[in-house]
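start_13.cif (mmCIF, C-alpha atoms)
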data_model
#
loop_
_atom_site.group_PDB
_atom_site.id
_atom_site.type_symbol
_atom_site.label_atom_id
_atom_site.label_comp_id
_atom_site.auth_asym_id
_atom_site.auth_seq_id
_atom_site.Cartn_x
_atom_site.Cartn_y
_atom_site.Cartn_z
ATOM 1 C CA MET A 1 27.116 11.701 73.824
ATOM 2 C CA ALA A 2 27.719 11.208 70.100
ATOM 3 C CA PRO A 3 28.455 7.823 68.522
ATOM 4 C CA PRO A 4 32.078 6.954 67.768
ATOM 5 C CA LYS A 5 33.373 7.922 64.334
ATOM 6 C CA VAL A 6 34.383 4.652 62.730
ATOM 7 C CA ARG A 7 35.569 4.342 59.134
ATOM 8 C CA PHE A 8 37.661 2.017 57.009
ATOM 9 C CA LEU A 9 41.139 3.041 55.877
ATOM 10 C CA THR A 10 41.508 0.122 53.507
ATOM 11 C CA LYS A 11 39.556 0.139 50.250
ATOM 12 C CA ILE A 12 36.705 -2.326 50.518
ATOM 13 C CA TYR A 13 34.177 -3.562 47.954
ATOM 14 C CA HIS A 14 30.932 -3.583 49.924
ATOM 15 C CA PRO A 15 27.529 -2.012 49.206
ATOM 16 C CA ASN A 16 27.227 -0.528 52.707
ATOM 17 C CA ILE A 17 30.676 1.061 52.856
ATOM 18 C CA ASP A 18 31.400 4.129 50.821
ATOM 19 C CA LYS A 19 34.678 5.558 49.606
ATOM 20 C CA VAL A 20 35.349 9.273 50.117
ATOM 21 C CA SER A 21 38.408 11.482 50.262
ATOM 22 C CA SER A 22 38.441 13.548 53.419
ATOM 23 C CA LEU A 23 40.442 16.153 55.211
ATOM 24 C CA TYR A 24 40.048 15.368 58.884
ATOM 25 C CA SER A 25 41.612 16.911 61.946
ATOM 26 C CA ASP A 26 39.792 15.516 65.001
ATOM 27 C CA PRO A 27 42.580 14.527 67.440
ATOM 28 C CA LEU A 28 40.634 11.570 68.840
ATOM 29 C CA TYR A 29 39.354 10.162 65.565
ATOM 30 C CA THR A 30 39.446 6.384 65.977
ATOM 31 C CA LEU A 31 39.478 4.194 62.884
ATOM 32 C CA VAL A 32 38.637 0.516 62.446
ATOM 33 C CA SER A 33 42.352 -0.200 62.160
ATOM 34 C CA TYR A 34 42.668 1.123 65.741
ATOM 35 C CA THR A 35 44.847 3.999 64.586
ATOM 36 C CA ILE A 36 44.500 7.359 66.294
ATOM 37 C CA PHE A 37 45.628 10.347 64.255
ATOM 38 C CA LEU A 38 46.861 13.339 66.208
ATOM 39 C CA ASN A 39 47.391 15.693 63.261
ATOM 40 C CA MET A 40 45.527 16.642 60.106
ATOM 41 C CA TYR A 41 45.660 14.055 57.306
ATOM 42 C CA ILE A 42 44.128 13.699 53.888
ATOM 43 C CA ILE A 43 43.108 10.056 53.752
ATOM 44 C CA GLN A 44 40.845 7.717 51.810
ATOM 45 C CA LEU A 45 37.989 6.802 54.144
ATOM 46 C CA GLY A 46 35.057 4.448 53.967
ATOM 47 C CA ARG A 47 31.915 5.541 55.791
ATOM 48 C CA ILE A 48 29.904 2.663 57.219
ATOM 49 C CA CYS A 49 26.121 2.406 56.898
ATOM 50 C CA LEU A 50 25.295 1.080 60.350
ATOM 51 C CA ASP A 51 22.385 2.222 62.515
ATOM 52 C CA ILE A 52 24.253 2.070 65.831
ATOM 53 C CA LEU A 53 26.781 4.554 64.428
ATOM 54 C CA LYS A 54 23.917 6.964 63.704
ATOM 55 C CA ASP A 55 20.402 7.165 65.120
ATOM 56 C CA LYS A 56 20.477 3.943 67.191
ATOM 57 C CA TRP A 57 23.562 4.932 69.200
ATOM 58 C CA SER A 58 23.455 4.743 72.978
ATOM 59 C CA PRO A 59 26.283 5.615 75.375
ATOM 60 C CA ALA A 60 25.577 2.249 77.040
ATOM 61 C CA LEU A 61 26.950 0.445 73.966
ATOM 62 C CA GLN A 62 30.526 -0.765 74.148
ATOM 63 C CA ILE A 63 33.218 -0.806 71.452
ATOM 64 C CA ARG A 64 32.767 -4.598 71.414
ATOM 65 C CA THR A 65 29.172 -4.093 70.235
ATOM 66 C CA VAL A 66 30.312 -1.706 67.511
ATOM 67 C CA LEU A 67 32.956 -4.141 66.255
ATOM 68 C CA LEU A 68 30.547 -7.100 66.320
ATOM 69 C CA SER A 69 28.006 -5.050 64.363
ATOM 70 C CA ILE A 70 30.624 -4.170 61.749
ATOM 71 C CA GLN A 71 31.628 -7.832 61.525
ATOM 72 C CA ALA A 72 27.976 -8.811 60.998
ATOM 73 C CA LEU A 73 27.560 -6.151 58.294
ATOM 74 C CA LEU A 74 30.651 -7.414 56.484
ATOM 75 C CA SER A 75 29.260 -10.945 56.583
ATOM 76 C CA ALA A 76 25.767 -9.970 55.412
ATOM 77 C CA PRO A 77 25.778 -6.996 53.017
ATOM 78 C CA ASN A 78 22.489 -5.159 52.499
ATOM 79 C CA PRO A 79 22.384 -3.879 48.904
ATOM 80 C CA ASP A 80 18.901 -2.436 49.543
ATOM 81 C CA ASP A 81 20.391 0.256 51.829
ATOM 82 C CA PRO A 82 23.640 1.163 50.030
ATOM 83 C CA LEU A 83 26.290 3.810 50.426
ATOM 84 C CA ALA A 84 28.045 2.568 47.277
ATOM 85 C CA ASP A 85 25.316 2.474 44.625
ATOM 86 C CA ASN A 86 27.443 0.863 41.921
ATOM 87 C CA VAL A 87 28.517 -1.935 44.266
ATOM 88 C CA ALA A 88 24.900 -2.487 45.376
ATOM 89 C CA LYS A 89 23.762 -2.734 41.754
ATOM 90 C CA HIS A 90 26.511 -5.263 41.069
ATOM 91 C CA TRP A 91 25.542 -7.230 44.213
ATOM 92 C CA LYS A 92 21.893 -7.369 43.115
ATOM 93 C CA ALA A 93 22.680 -8.250 39.503
ATOM 94 C CA ASN A 94 25.283 -10.944 40.178
ATOM 95 C CA GLU A 95 26.062 -11.657 43.829
ATOM 96 C CA THR A 96 28.581 -14.401 43.047
ATOM 97 C CA GLU A 97 30.617 -12.075 40.830
ATOM 98 C CA ALA A 98 30.367 -9.242 43.380
ATOM 99 C CA VAL A 99 31.683 -11.532 46.119
ATOM 100 C CA GLU A 100 34.605 -12.498 43.867
ATOM 101 C CA THR A 101 35.328 -8.797 43.273
ATOM 102 C CA ALA A 102 35.245 -8.224 47.037
ATOM 103 C CA LYS A 103 37.706 -11.086 47.539
ATOM 104 C CA GLU A 104 40.003 -9.629 44.878
ATOM 105 C CA TRP A 105 39.898 -6.196 46.544
ATOM 106 C CA THR A 106 40.801 -7.891 49.809
ATOM 107 C CA ARG A 107 43.799 -9.593 48.182
ATOM 108 C CA VAL A 108 44.927 -6.354 46.513
ATOM 109 C CA TYR A 109 44.229 -3.725 49.195
ATOM 110 C CA ALA A 110 44.147 -5.520 52.560
ATOM 111 C CA ASN A 111 47.323 -7.583 52.354
ATOM 112 C CA ASP A 112 50.765 -6.212 53.110
ATOM 113 C CA ALA A 113 52.985 -5.960 50.048
#
Transcribe the structure of this file into C-alpha cells.
Amino acid sequence: MAPPKVRFLTKIYHPNIDKVSSLYSDPLYTLVSYTIFLNMYIIQLGRICLDILKDKWSPALQIRTVLLSIQALLSAPNPDDPLADNVAKHWKANETEAVETAKEWTRVYANDA
C-alpha cells in the first residue's frame, strides 16, 4: 500500500515545503485542507518533505500520525533537507527574518479575505 498523497493548497514559506504547479486527476487525492477533488484541476501545490510520506510509510500508520508529523515539521523546519532551496538559504542566513516572512505569508495567503 502506498503512502497517502498529502500536499498544501495554500502558499507557505517553509524550507521543507515546495511550490509546484500541477495537473492532477486522481479522484481520491486528499489534501491537507481535507478537500477531495473528483475532477481534473490545475492547482498550486506544495509537496512536503516528510519521511513517513515516502520511504518510512507503513499501512499501520493512521492519518492522525501523518497530521501530527506535518504539525511537527511546521513547528521545526529543517533547512538542511530542503525542498525550497531559496527558503532554506534564507532560514540559514537569518532565521528571525525568515520566520517573519513565514508569518507574513500566513497573513496574506492563509486568511480569508
Within-9 Å shell of (25.2, -5.0, 54.4) in input frame, only C-alpha atoms, as a PyMOL selection string: chain A and resi 14-17+49-50+72-82
Hits of the PyMOL selection byres ((chain A and resi 109) around 12) in this structure, as a ChimeraX atom specification: /A:8-13,101-108,110-113
Å distance separating CA of Leu53 (chain A) from CA of Arg7 (chain A), one decimal place: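 Straight-line distance from CA of Leu53 (chain A) to CA of Arg7 (chain A) works out to 10.3 Å.
Computed from the coordinates, the CA of Thr65 (chain A) to CA of Ile48 (chain A) distance equals 14.7 Å.
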Between CA of Pro4 (chain A) and CA of Gly46 (chain A) - distance in Å to one decimal: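 Separation between CA of Gly46 (chain A) and CA of Pro4 (chain A): 14.3 Å.
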Spatial neighbours of Trp57 (chain A), max dist 12 Å, only C-alpha atoms, sep filter under 5 positions, as a VMD selection string: chain A and resid 1 to 5 50 to 52 62 to 63 65 to 66 69
